[in-house]
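Source file: query31.txt; contents: compact mmCIF, C-alpha atoms and all ligand atoms.
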```
# COMPACT_ATOMS: atom_id res chain seq x y z
CA MET A 1 118.84 100.43 99.94
CA THR A 2 116.27 99.77 97.18
CA GLY A 3 118.60 100.26 94.21
CA SER A 4 117.68 100.56 90.55
CA LEU A 5 115.65 97.90 88.79
CA VAL A 6 115.47 97.29 85.03
CA ILE A 7 112.98 94.74 83.72
CA LEU A 8 112.85 93.41 80.14
CA THR A 9 109.71 91.65 78.93
CA GLY A 10 109.02 89.63 75.80
CA ALA A 11 106.12 87.84 74.16
CA GLY A 12 105.95 85.22 76.92
CA ILE A 13 104.42 87.71 79.37
CA SER A 14 101.52 88.28 76.97
CA ALA A 15 101.02 84.62 76.02
CA GLU A 16 98.42 84.04 78.78
CA SER A 17 96.49 87.08 77.54
CA GLY A 18 95.90 85.15 74.33
CA LEU A 19 98.53 86.89 72.20
CA GLY A 20 100.87 84.51 70.36
CA THR A 21 104.58 84.33 71.03
CA PHE A 22 107.04 84.31 68.13
CA ARG A 23 109.28 81.29 68.52
CA ASP A 24 107.19 78.78 70.46
CA PRO A 25 106.11 75.82 68.28
CA ASP A 26 102.73 77.51 67.62
CA GLY A 27 104.29 80.99 67.48
CA LEU A 28 103.89 83.69 64.85
CA TRP A 29 107.21 82.98 63.14
CA ALA A 30 106.24 79.31 62.93
CA LYS A 31 103.22 80.34 60.83
CA PHE A 32 104.55 83.43 59.06
CA ASP A 33 107.89 84.28 57.50
CA TRP A 34 109.28 87.28 59.43
CA GLN A 35 111.50 88.14 56.49
CA ALA A 36 108.43 88.59 54.29
CA LEU A 37 106.48 90.59 56.89
CA ALA A 38 108.71 92.25 59.53
CA THR A 39 111.42 94.04 57.52
CA PRO A 40 111.46 97.41 55.70
CA GLU A 41 112.24 95.55 52.47
CA ALA A 42 109.10 93.44 52.87
CA PHE A 43 106.99 96.57 53.42
CA ALA A 44 108.51 98.24 50.33
CA ALA A 45 107.83 95.13 48.23
CA GLN A 46 104.31 94.23 49.45
CA PRO A 47 102.87 96.94 51.75
CA GLY A 48 99.30 95.60 51.48
CA ARG A 49 100.33 92.14 52.72
CA VAL A 50 102.29 93.64 55.61
CA HIS A 51 99.33 95.90 56.56
CA GLU A 52 97.04 92.83 56.56
CA PHE A 53 99.42 90.99 58.94
CA TYR A 54 99.51 93.90 61.41
CA ASN A 55 95.78 94.66 61.07
CA ALA A 56 95.01 91.04 62.08
CA ARG A 57 97.29 91.30 65.14
CA ARG A 58 95.80 94.72 66.04
CA GLY A 59 92.36 93.05 65.93
CA ASN A 60 93.52 90.29 68.32
CA LEU A 61 95.01 92.89 70.64
CA ALA A 62 91.70 94.81 70.85
CA ALA A 63 90.23 91.80 72.71
CA ALA A 64 93.27 91.10 74.92
CA ARG A 65 93.50 92.07 78.59
CA PRO A 66 96.47 92.13 81.00
CA HIS A 67 96.81 89.37 83.60
CA ALA A 68 98.38 88.98 87.06
CA ALA A 69 101.97 89.32 85.76
CA HIS A 70 101.32 92.72 84.12
CA GLU A 71 99.51 93.87 87.27
CA ALA A 72 102.33 92.66 89.53
CA LEU A 73 104.92 94.66 87.52
CA ALA A 74 102.78 97.81 87.80
CA ARG A 75 102.58 97.27 91.58
CA LEU A 76 106.33 96.68 91.76
CA GLU A 77 106.95 99.98 89.93
CA ARG A 78 104.74 101.91 92.38
CA ASP A 79 106.25 100.32 95.52
CA TRP A 80 109.84 100.48 94.26
CA LEU A 81 109.57 104.21 93.42
CA ALA A 82 107.79 104.91 96.74
CA ARG A 83 110.83 103.44 98.49
CA GLY A 84 113.12 105.84 96.63
CA GLY A 85 114.44 103.30 94.13
CA ASP A 86 114.79 103.74 90.37
CA PHE A 87 112.66 101.64 87.98
CA LEU A 88 112.45 101.07 84.21
CA LEU A 89 110.34 98.52 82.33
CA VAL A 90 111.59 97.87 78.78
CA THR A 91 109.30 95.76 76.63
CA GLN A 92 110.01 94.14 73.27
CA ASN A 93 106.26 93.67 72.97
CA VAL A 94 104.21 95.89 70.69
CA ASP A 95 101.00 95.26 72.67
CA ASP A 96 99.72 97.77 75.26
CA LEU A 97 99.01 95.32 78.10
CA HIS A 98 101.62 96.89 80.42
CA GLU A 99 99.91 100.30 80.03
CA GLN A 100 96.50 98.75 80.56
CA ALA A 101 97.81 97.27 83.85
CA GLY A 102 99.10 100.71 84.99
CA SER A 103 102.85 100.61 84.19
CA GLN A 104 104.22 104.12 83.53
CA ARG A 105 108.07 103.92 83.56
CA LEU A 106 107.82 101.98 80.29
CA ILE A 107 109.73 101.93 76.99
CA HIS A 108 108.44 100.08 73.90
CA MET A 109 111.83 99.42 72.28
CA HIS A 110 110.17 97.66 69.30
CA GLY A 111 107.35 100.18 68.89
CA GLU A 112 103.59 99.89 69.38
CA LEU A 113 101.06 97.90 67.34
CA LYS A 114 98.22 100.38 68.09
CA LYS A 115 100.23 103.26 66.59
CA MET A 116 101.09 104.22 62.99
CA ARG A 117 103.72 106.57 61.56
CA CYS A 118 103.43 108.80 58.48
CA LEU A 119 106.51 108.68 56.24
CA GLY A 120 105.37 112.01 54.80
CA CYS A 121 105.00 114.21 57.89
CA HIS A 122 106.61 111.82 60.45
CA SER A 123 103.62 112.08 62.81
CA VAL A 124 102.91 109.13 65.11
CA MET A 125 99.19 108.52 65.73
CA GLU A 126 96.68 105.91 66.85
CA ALA A 127 96.21 103.37 64.01
CA PRO A 128 92.77 102.28 62.75
CA LEU A 129 92.03 98.53 62.84
CA GLY A 130 92.14 98.51 59.01
CA LEU A 131 95.27 100.44 57.98
CA GLY A 132 95.99 100.17 54.24
CA THR A 133 98.08 101.51 51.39
CA ASP A 134 95.31 103.96 50.48
CA THR A 135 94.69 105.29 54.01
CA ALA A 136 95.31 109.05 54.05
CA CYS A 137 97.34 110.52 56.92
CA PRO A 138 94.97 112.34 59.36
CA ARG A 139 97.66 115.03 59.84
CA CYS A 140 99.03 115.78 56.34
CA SER A 141 96.25 114.10 54.29
CA GLN A 142 98.78 112.33 52.04
CA PRO A 143 97.61 108.78 51.14
CA GLY A 144 100.02 105.85 50.96
CA PHE A 145 102.58 107.13 53.45
CA LEU A 146 101.40 105.33 56.62
CA ARG A 147 103.22 102.34 58.19
CA PRO A 148 102.81 100.40 61.45
CA ASN A 149 104.84 102.14 64.19
CA VAL A 150 106.84 98.99 65.00
CA VAL A 151 110.60 98.36 64.71
CA TRP A 152 111.31 95.79 61.99
CA PHE A 153 114.41 93.59 61.66
CA GLY A 154 117.30 95.69 60.44
CA GLU A 155 115.79 98.86 61.99
CA ILE A 156 117.15 100.59 65.10
CA PRO A 157 115.15 99.96 68.31
CA LEU A 158 113.76 103.00 70.13
CA GLU A 159 115.30 104.91 73.07
CA MET A 160 118.46 102.79 73.10
CA ASP A 161 120.45 105.56 74.82
CA VAL A 162 118.00 105.72 77.74
CA ILE A 163 117.95 101.91 77.97
CA PHE A 164 121.73 101.47 77.97
CA GLN A 165 122.13 104.27 80.54
CA ALA A 166 119.69 102.44 82.85
CA LEU A 167 121.37 99.06 82.27
CA GLU A 168 124.82 100.43 83.03
CA THR A 169 123.70 101.73 86.44
CA CYS A 170 121.17 99.11 87.60
CA THR A 171 121.48 96.88 90.69
CA HIS A 172 118.83 94.35 89.59
CA PHE A 173 117.92 93.16 86.08
CA ALA A 174 115.09 90.72 85.28
CA ALA A 175 114.22 89.21 81.88
CA ILE A 176 110.63 87.93 81.74
CA GLY A 177 109.11 85.76 78.97
CA THR A 178 111.78 86.32 76.34
CA SER A 179 113.74 83.71 74.39
CA GLY A 180 116.90 85.85 74.31
CA THR A 181 117.29 85.48 70.55
CA VAL A 182 116.71 89.00 69.25
CA TYR A 183 119.42 91.64 69.60
CA PRO A 184 120.14 94.12 71.03
CA ALA A 185 117.59 93.07 73.75
CA ALA A 186 119.23 89.65 74.11
CA GLY A 187 122.47 91.38 75.11
CA PHE A 188 120.94 93.46 77.94
CA SER A 189 121.66 90.87 80.65
CA GLN A 190 125.36 91.03 79.78
CA VAL A 191 125.43 94.84 80.06
CA ALA A 192 123.61 94.72 83.43
CA GLY A 193 125.89 91.91 84.64
CA GLN A 194 128.95 94.00 83.82
CA ALA A 195 127.44 96.75 86.00
CA GLY A 196 127.34 94.24 88.86
CA ALA A 197 123.54 93.84 88.83
CA ARG A 198 121.77 90.75 90.17
CA LEU A 199 120.34 88.93 87.12
CA THR A 200 117.02 87.06 87.27
CA GLU A 201 115.31 85.18 84.44
CA ILE A 202 111.60 84.34 84.66
CA ASN A 203 110.43 81.93 81.98
CA LEU A 204 108.54 78.73 81.30
CA ALA A 205 111.68 77.13 79.89
CA GLU A 206 115.47 77.46 79.65
CA THR A 207 116.63 79.97 77.02
CA GLU A 208 119.83 80.69 75.11
CA THR A 209 120.76 83.32 77.69
CA SER A 210 119.82 81.31 80.83
CA PRO A 211 123.46 80.55 81.76
CA GLN A 212 124.12 84.29 82.26
CA PHE A 213 121.55 84.67 85.04
CA HIS A 214 122.22 84.31 88.79
CA GLU A 215 118.65 83.21 89.47
CA ARG A 216 115.89 81.52 87.42
CA VAL A 217 112.21 81.52 88.37
CA SER A 218 110.40 78.83 86.38
CA GLY A 219 106.71 78.79 85.52
CA PRO A 220 104.01 80.65 83.65
CA ALA A 221 104.35 84.41 84.04
CA SER A 222 100.88 84.77 85.61
CA GLU A 223 102.14 82.73 88.62
CA ALA A 224 105.93 83.22 88.59
CA VAL A 225 105.95 87.03 88.27
CA PRO A 226 103.61 87.84 91.20
CA ARG A 227 105.59 85.34 93.33
CA TRP A 228 108.89 86.99 92.40
CA VAL A 229 107.50 90.53 92.94
CA GLU A 230 106.31 89.62 96.46
CA ARG A 231 109.73 88.13 97.22
CA ILE A 232 111.77 91.07 95.91
CA LEU A 233 109.59 93.59 97.76
CA ALA A 234 109.95 91.58 100.98
CA GLN A 235 113.75 91.52 100.56
CA THR A 236 114.24 95.30 100.24
C1 LIG A 301 119.11 96.06 65.21
C2 LIG A 301 108.45 94.09 66.29
C3 LIG A 301 120.96 97.54 64.95
C4 LIG A 301 107.73 93.73 65.04
C5 LIG A 301 110.44 92.67 66.46
C6 LIG A 301 120.47 89.70 59.90
C7 LIG A 301 119.73 90.65 59.21
C8 LIG A 301 119.12 91.74 59.86
C9 LIG A 301 119.28 91.88 61.23
C10 LIG A 301 120.01 90.92 61.92
C11 LIG A 301 120.60 89.84 61.28
N1 LIG A 301 121.24 89.08 62.22
C12 LIG A 301 121.06 89.65 63.43
C13 LIG A 301 120.33 90.76 63.27
C14 LIG A 301 119.91 91.68 64.32
C15 LIG A 301 118.43 91.40 64.51
C16 LIG A 301 118.28 90.08 65.25
O1 LIG A 301 118.55 90.01 66.44
N2 LIG A 301 117.82 89.04 64.53
C17 LIG A 301 117.65 87.74 65.18
C18 LIG A 301 116.50 86.99 64.50
C19 LIG A 301 118.97 86.99 65.08
N3 LIG A 301 117.92 92.51 65.29
C20 LIG A 301 117.46 93.61 64.67
O2 LIG A 301 117.35 93.74 63.47
C21 LIG A 301 117.09 94.75 65.62
N4 LIG A 301 117.77 95.95 65.18
O3 LIG A 301 119.85 95.14 65.50
O4 LIG A 301 119.55 97.33 64.85
C22 LIG A 301 121.25 98.09 66.30
C23 LIG A 301 121.83 97.27 67.28
C24 LIG A 301 122.10 97.80 68.53
C25 LIG A 301 121.79 99.12 68.81
C26 LIG A 301 121.19 99.91 67.83
C27 LIG A 301 120.92 99.40 66.57
C28 LIG A 301 115.60 95.01 65.58
C29 LIG A 301 114.87 93.80 66.13
C30 LIG A 301 113.39 94.14 66.31
C31 LIG A 301 112.55 93.29 65.40
N5 LIG A 301 111.14 93.50 65.74
N6 LIG A 301 109.16 92.89 66.75
C32 LIG A 301 106.64 92.73 65.31
O5 LIG A 301 106.29 92.48 66.48
O6 LIG A 301 106.12 92.23 64.30
S1 LIG A 301 111.23 91.29 67.07
C33 LIG A 301 110.18 90.21 67.88
O7 LIG A 301 111.05 89.31 68.61
C34 LIG A 301 109.29 90.80 68.95
O8 LIG A 301 109.56 92.15 69.29
C35 LIG A 301 109.63 89.93 70.14
O9 LIG A 301 109.32 90.53 71.30
C36 LIG A 301 111.07 89.77 69.93
C37 LIG A 301 111.78 88.80 70.80
O10 LIG A 301 111.00 87.64 70.86
P1 LIG A 301 110.47 87.23 72.33
O11 LIG A 301 109.68 88.37 72.89
O12 LIG A 301 111.60 86.74 73.13
O13 LIG A 301 109.43 86.11 71.98
P2 LIG A 301 109.76 84.58 71.62
O14 LIG A 301 108.53 84.01 71.00
O15 LIG A 301 111.06 84.50 70.90
O16 LIG A 301 109.99 83.88 73.05
C38 LIG A 301 108.89 83.77 73.93
C39 LIG A 301 109.48 83.33 75.27
O17 LIG A 301 108.43 83.33 76.23
C40 LIG A 301 110.09 81.93 75.26
O18 LIG A 301 111.30 81.93 75.97
C41 LIG A 301 109.02 81.09 76.02
O19 LIG A 301 109.62 80.04 76.76
C42 LIG A 301 108.44 82.10 76.95
N7 LIG A 301 107.05 81.85 77.36
C43 LIG A 301 106.03 81.39 76.58
N8 LIG A 301 104.90 81.34 77.33
C44 LIG A 301 105.21 81.81 78.57
C45 LIG A 301 106.59 82.14 78.59
N9 LIG A 301 107.20 82.60 79.69
C46 LIG A 301 106.45 82.77 80.80
N10 LIG A 301 105.12 82.49 80.86
C47 LIG A 301 104.48 82.02 79.77
N11 LIG A 301 103.16 81.73 79.85
```
I'd like the structure from this file rewritten - as structure tokens, please.
Amino acid sequence: MTGSLVILTGAGISAESGLGTFRDPDGLWAKFDWQALATPEAFAAQPGRVHEFYNARRGNLAAARPHAAHEALARLERDWLARGGDFLLVTQNVDDLHEQAGSQRLIHMHGELKKMRCLGCHSVMEAPLGLGTDTACPRCSQPGFLRPNVVWFGEIPLEMDVIFQALETCTHFAAIGTSGTVYPAAGFSQVAGQAGARLTEINLAETETSPQFHERVSGPASEAVPRWVERILAQT
């Protein structure tokens, strides 16, 4: 019986692709104030500054490539589905490294850095590297209505109904490269645990949510994730 697998990833899975994490000592929130850059209030107050912050990250992402952990999760999805199991990868990350590695059953609960949304016509489109307050919407031509298509603090994450439905019926849940500090994602292990799922945490270090997990796999994602994927495929 293969069962249903839900995997949650965070910034730690992209760290070895050269993208910064948020709360490590050299992380983004150590250098920038998230309250001044990653909230709707910040965007309303200083949209140009917020655009600059996301343009710089979009530029970094253009040069980033997936590594062995992203590839292992794409392989796990293919093999797990081929065996008749159910599979969902939920990422808090706004990069597109999971897609680049071939993952398809994927939800970006915090949005996507390479996309922008028009507050005028509500279209979601690919974002240019240099998005600004004067950029006109390619769909409705209105200038000044475009924002990064990411979920800021205080905003509702995407596809929460699909995510909770999967968590409430899963048999395995794994959290990879996330500090377990941002909700509602940090509460997912509890929901899966209440459904009787086996809980695995893969991380370089202990996290606030480590005590909730049945199993911990320690190490950098590029080594720990392929090792875990081989093991879980051998077990089922
Ligand atoms: C919501 C997108 C209601 C943008 C992000 C007060 C005011 C306002 C809100 C709140 C408040 N108090 C609490 C809240 C709720 C708030 C929240 O949780 N705040 C925290 C700070 C307390 N949450 C929200 O506002 C969310 N919305 O609650 O709406 C609701 C609730 C339920 C249902 C419906 C509606 C919205 C949160 C989304 C914010 N947007 N990002 C952007 O990217 O700029 S959050 C940001 O943090 C990223 O998405 C990131 O992914 C996420 C979590 O961080 P991590 O991914 O875990 O990264 P971190 O750096 O923390 O940790 C890295 C980990 O990797 C570490 O453990 C490290 O050991 C490990 N690691 C490092 N290297 C490696 C590694 N592991 C393996 N290998 C390695 N090589």
Quiz item: Could you work out how far atom C11 of ligand LIG 301 (chain A) lies from CA of Thr200 (chain A), giving the answer in Å with one decimal?
Solution: 26.4 Å
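With all atoms listed in the file as the basis for measurement, A:Gly27 is the residue among A:Gly48, A:Gly27, A:Gly18, A:Pro138 that approaches ligand LIG 301 (chain A) most closely.
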Practice problem: Could you check how far atom C43 of ligand LIG 301 (chain A) sits from CA of Thr178 (chain A), in Å to one decimal? | Solution: 7.6 Å
Exercise. Write as an MDAnalysis selection string the residues around ligand LIG 301 (chain A), taking 6 Å as the cut-off and counting only C-alpha atoms and all ligand atoms.
Key: chainID A and resid 10:13 15:16 21:24 38 92:94 110 150:157 177:184 203:205 207 220:221
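Using only C-alpha atoms, the shortest contact distance between Ala44 (chain A) and any of A:Arg75, A:Arg58, A:Arg231, A:Arg147 is found at A:Arg147.
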Quiz item: So which residues are close to (106.6, 93.5, 76.1), meaning at most 12 Å away in the file's coordinates with all atoms listed in the file counted, and can you show them as a ChimeraX atom specification?
Solution: /A:7-15,19,21,66,69-70,73,89-99,103,106-113,175-178,185
File dump, residues just selected, C-alpha atoms, as an mmCIF file, keeping the file's coordinate frame:
```
data_model
loop_
_atom_site.group_PDB
_atom_site.id
_atom_site.type_symbol
_atom_site.label_atom_id
_atom_site.label_comp_id
_atom_site.auth_asym_id
_atom_site.auth_seq_id
_atom_site.Cartn_x
_atom_site.Cartn_y
_atom_site.Cartn_z
ATOM 1 C CA ILE A 7 112.980 94.740 83.720
ATOM 2 C CA LEU A 8 112.850 93.410 80.140
ATOM 3 C CA THR A 9 109.710 91.650 78.930
ATOM 4 C CA GLY A 10 109.020 89.630 75.800
ATOM 5 C CA ALA A 11 106.120 87.840 74.160
ATOM 6 C CA GLY A 12 105.950 85.220 76.920
ATOM 7 C CA ILE A 13 104.420 87.710 79.370
ATOM 8 C CA SER A 14 101.520 88.280 76.970
ATOM 9 C CA ALA A 15 101.020 84.620 76.020
ATOM 10 C CA LEU A 19 98.530 86.890 72.200
ATOM 11 C CA THR A 21 104.580 84.330 71.030
ATOM 12 C CA PRO A 66 96.470 92.130 81.000
ATOM 13 C CA ALA A 69 101.970 89.320 85.760
ATOM 14 C CA HIS A 70 101.320 92.720 84.120
ATOM 15 C CA LEU A 73 104.920 94.660 87.520
ATOM 16 C CA LEU A 89 110.340 98.520 82.330
ATOM 17 C CA VAL A 90 111.590 97.870 78.780
ATOM 18 C CA THR A 91 109.300 95.760 76.630
ATOM 19 C CA GLN A 92 110.010 94.140 73.270
ATOM 20 C CA ASN A 93 106.260 93.670 72.970
ATOM 21 C CA VAL A 94 104.210 95.890 70.690
ATOM 22 C CA ASP A 95 101.000 95.260 72.670
ATOM 23 C CA ASP A 96 99.720 97.770 75.260
ATOM 24 C CA LEU A 97 99.010 95.320 78.100
ATOM 25 C CA HIS A 98 101.620 96.890 80.420
ATOM 26 C CA GLU A 99 99.910 100.300 80.030
ATOM 27 C CA SER A 103 102.850 100.610 84.190
ATOM 28 C CA LEU A 106 107.820 101.980 80.290
ATOM 29 C CA ILE A 107 109.730 101.930 76.990
ATOM 30 C CA HIS A 108 108.440 100.080 73.900
ATOM 31 C CA MET A 109 111.830 99.420 72.280
ATOM 32 C CA HIS A 110 110.170 97.660 69.300
ATOM 33 C CA GLY A 111 107.350 100.180 68.890
ATOM 34 C CA GLU A 112 103.590 99.890 69.380
ATOM 35 C CA LEU A 113 101.060 97.900 67.340
ATOM 36 C CA ALA A 175 114.220 89.210 81.880
ATOM 37 C CA ILE A 176 110.630 87.930 81.740
ATOM 38 C CA GLY A 177 109.110 85.760 78.970
ATOM 39 C CA THR A 178 111.780 86.320 76.340
ATOM 40 C CA ALA A 185 117.590 93.070 73.750
#
```
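Proximity to Glu77 (chain A) at 12 Å, evaluated using all atoms listed in the file and with sequence-adjacent residues fewer than 4 positions away removed, yields Thr2, Ser4, Leu5, Val6, Ile7, His70, Glu71, Ala72, Leu73, Leu81, Ala82, Arg83, Gly84, Gly85, Asp86, Phe87, Leu88, Leu89, His98, Ala101, Gly102, Ser103, Gln104, Arg105, Leu106, Val229, Ile232 and Leu233 of chain A.
Reported to one decimal place, the separation of CA of His122 (chain A) from CA of Ser141 (chain A) is 12.3 Å.
Among the candidates A:Gly187, A:Ala68, A:Phe173, A:Glu52, the one nearest to Leu199 (chain A) when counting all atoms listed in the file is A:Phe173.
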Exercise. Find, counting only C-alpha atoms, the residue in A:Val217, A:Leu146, A:Val225, A:Leu158 that gets nearest to Glu126 (chain A).
Key: A:Leu146
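Using all atoms listed in the file, the smallest distance between any of A:Asn149, A:Thr171, A:Ser189, A:Gln100 and Ser123 (chain A) comes from A:Asn149.
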Quiz prompt | Best match for closeness to Trp228 (chain A) among A:Asp26, A:Glu201, A:Asp161, A:Glu206, counting all atoms listed in the file | solution = A:Glu201
Provide region 128-143 of chain A of the preceding structure as a file containing N, CA and C atoms, as a compact mmCIF listing (two decimals), in the first residue's frame.
```txt
# COMPACT_ATOMS: atom_id res chain seq x y z
N PRO A 128 8.56 41.00 -15.47
CA PRO A 128 9.86 41.37 -16.03
C PRO A 128 10.88 41.43 -14.89
N LEU A 129 12.19 41.44 -15.21
CA LEU A 129 13.19 41.53 -14.14
C LEU A 129 13.03 42.88 -13.42
N GLY A 130 12.66 43.92 -14.16
CA GLY A 130 12.58 45.26 -13.57
C GLY A 130 11.14 45.74 -13.48
N LEU A 131 10.38 45.22 -12.55
CA LEU A 131 8.97 45.63 -12.36
C LEU A 131 8.99 46.93 -11.54
N GLY A 132 8.17 47.91 -11.94
CA GLY A 132 8.18 49.18 -11.19
C GLY A 132 6.80 49.79 -11.08
N THR A 133 6.73 50.91 -10.39
CA THR A 133 5.42 51.55 -10.15
C THR A 133 4.85 52.13 -11.44
N ASP A 134 5.74 52.32 -12.44
CA ASP A 134 5.20 52.90 -13.70
C ASP A 134 5.00 51.83 -14.77
N THR A 135 5.29 50.56 -14.47
CA THR A 135 5.11 49.50 -15.47
C THR A 135 3.62 49.35 -15.79
N ALA A 136 3.29 49.39 -17.09
CA ALA A 136 1.87 49.24 -17.48
C ALA A 136 1.54 47.76 -17.59
N CYS A 137 0.32 47.41 -17.19
CA CYS A 137 -0.12 46.01 -17.27
C CYS A 137 -0.21 45.59 -18.75
N PRO A 138 0.42 44.45 -19.13
CA PRO A 138 0.36 44.01 -20.54
C PRO A 138 -1.07 43.66 -20.96
N ARG A 139 -1.94 43.37 -20.00
CA ARG A 139 -3.31 42.95 -20.35
C ARG A 139 -4.25 44.16 -20.41
N CYS A 140 -4.27 45.01 -19.37
CA CYS A 140 -5.26 46.11 -19.38
C CYS A 140 -4.64 47.47 -19.61
N SER A 141 -3.28 47.46 -19.76
CA SER A 141 -2.52 48.69 -20.10
C SER A 141 -2.51 49.75 -18.99
N GLN A 142 -3.15 49.45 -17.85
CA GLN A 142 -3.12 50.47 -16.78
C GLN A 142 -1.74 50.48 -16.10
N PRO A 143 -1.09 51.63 -15.94
CA PRO A 143 0.18 51.67 -15.21
C PRO A 143 -0.07 51.76 -13.71
```
